[in-house]
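What follows is a set of notes on a single structure, which appears directly below.
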Amino acid sequence: MIDTILFDLDGTLLPFTQEAFVTTYFAELGKVFVRMDMDAAAAIKAVWAGTKAMSLNDGSRLNSDVFWDAFAAQLSLTDGKRREVEGACDSFYTNEFNVAKSVMIPTDIPKRLVGALSAKGYGIVLATNPLFPACAVDTRLQWLGLEPGDFLYYSHYANSTYCKPSLGYYQEVFAKIGKAPEQCFMAGNSPVEDMSVGELGTETYLVTDCLENESGVDISAFARGTLADLEAYLMTFPDIG
């Protein structure tokens with residue numbers, strides 16, 4: 001029986017187009033590097049290098065360590081400078097990162113849906129691709145009127161050793177929440193990153209408002225619809241609390 005609901009964040013609970021978000025995000029992040037007397041373009045390139053390294057993580061190290069090792073190597077940073085940049089980035093995600101809220105498509109569904117499912121007795125997990133620190137996830141949740149305490153568990157780069165679409169990511173989440181794949185339901189906006197968990201036996205739902213399908217995967221076999229459609233579907237689930 002399904003008793004746990006997993007939600008992706010960006011493009012799913014938090015509706016925006018990836019292009020608009022990335023453009024705004026990096027424009028603001030670049031200012032942080034400039035203030036630190038760094039070449040912004042080179043630093044942004046290093047961020048992408050770190051992100052790629054995390055996407056290839058094999059479960060042997062935390063994503064956060066993989067990211068900062070790759071970032072520092074790309075720019076030949078000393079350990080002291082690396083720590084300084086990491087601290088500045090954490091401050092950025094708590095403060096200036098809020099500018100990126102401007103690309104969010106306003107919606108009251110996520111807060112209402114998470115609250116309703118919790119009231120029905122379901123455990124709620126934020127299964128966001130763990131490419132960001134916890135503070136960056138916390139800030140984005142605030143844009144929706146949600147907070148970490150609304151979730152049984154949420155992934156970020158310092159508690160994860162895989163990234164989507166690796167099945168290792170989902171197996172790690174299931175192990176941490178003590179659930180079998182069949183007990184869980186996953187909703188996300190990527191047929192590649194989010195629907196891959198279906199291979200483990202988890203029921204899935206593809207949210208199409210901000211669909212990310214650059215590779216043109218055939219989505220006809222997936223249960224799918226808008227976030228409003230998903231809400232209507234999940235409200236048919238029985239109370240279990």
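Here, A, B, ... name the chains of the structure tokens in the order displayed, residue numbers run from 1 inside each chain, and ligands are numbered from 1 in the same displayed order.
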
- DSSP says strand (DSSP E) for which residues of stretch 61-166 of chain A? Put them as a list in words?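 The residues of stretch 61-166 of chain A classed as strand (DSSP E) are Gly123, Ile124, Val125, Leu126, Tyr153 and Tyr154 of chain A.
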
- Query: So which residues touch A:Asn159 within 9 Å, counting only C-alpha atoms, skipping near sequence neighbours fewer than 6 positions away, as a VMD selection string?
  - Reply: chain A and resid 62 to 64 130 134

For C-alpha atoms, I'd like the residues from the last selection saved as an mmCIF file, in the first residue's frame.
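That gives us out_7.cif:
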data_model
loop_
_atom_site.group_PDB
_atom_site.id
_atom_site.type_symbol
_atom_site.label_atom_id
_atom_site.label_comp_id
_atom_site.auth_asym_id
_atom_site.auth_seq_id
_atom_site.Cartn_x
_atom_site.Cartn_y
_atom_site.Cartn_z
ATOM 1 C CA LEU A 62 28.857 13.050 -0.631
ATOM 2 C CA ASN A 63 27.759 15.224 -3.540
ATOM 3 C CA SER A 64 28.887 18.308 -1.612
ATOM 4 C CA PRO A 130 20.568 16.920 -4.723
ATOM 5 C CA ALA A 134 20.177 22.601 2.160
#

- Surrounding residues of A:Asn57 excluding itself and chain neighbours under 2 positions, 8 Å, only C-alpha atoms, as a PyMOL selection string: chain A and resi 53-55+59-61+63+66+161-163

What are the closest atom pairs, with distances in Å to one decimal, for each residue of stretch 129-223 of chain A lying within 10 Å of stretch 86-95 of chain A, using only C-alpha atoms, rows by chain and rising residue number, as CSV?
residue,atom,partner,partner_atom,distance
A:Phe132,CA,A:Tyr93,CA,9.3
A:Pro133,CA,A:Asp90,CA,7.5
A:Ala134,CA,A:Asp90,CA,9.0
A:Cys135,CA,A:Tyr93,CA,6.1
A:Ala136,CA,A:Tyr93,CA,4.9
A:Val137,CA,A:Tyr93,CA,8.6
A:Asp138,CA,A:Thr94,CA,8.2
A:Thr139,CA,A:Thr94,CA,6.2
A:Arg140,CA,A:Tyr93,CA,9.2

- Considering only C-alpha atoms, return as a list in words whatever protein or nucleic-acid residues lie within 8 Å of A:Glu212, sequence-local ones (same chain, fewer than 2 positions apart) excluded.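 The residues that qualify are Gly11, Gln18, Asn189, Ser190, Pro191, Cys210 and Glu214 of chain A.
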
- Message: Would you pick out the contacts of A:Asp108 at 9 Å or less, using only C-alpha atoms, so that residues sharing its chain but fewer than 5 positions from it are not included, and give the list as number ranges by chain?
- Response: A: 113, 144-145

- Message: What's around A:Thr202 at 8 Å? Count only C-alpha atoms, leave out sequence neighbours fewer than 2 positions away in its own chain, and write the answer as a list in words.
- Response: Pro181, Glu182, Gln183, Cys184, Phe185, Met186, Val197, Gly198, Glu199, Leu200 and Thr204 of chain A
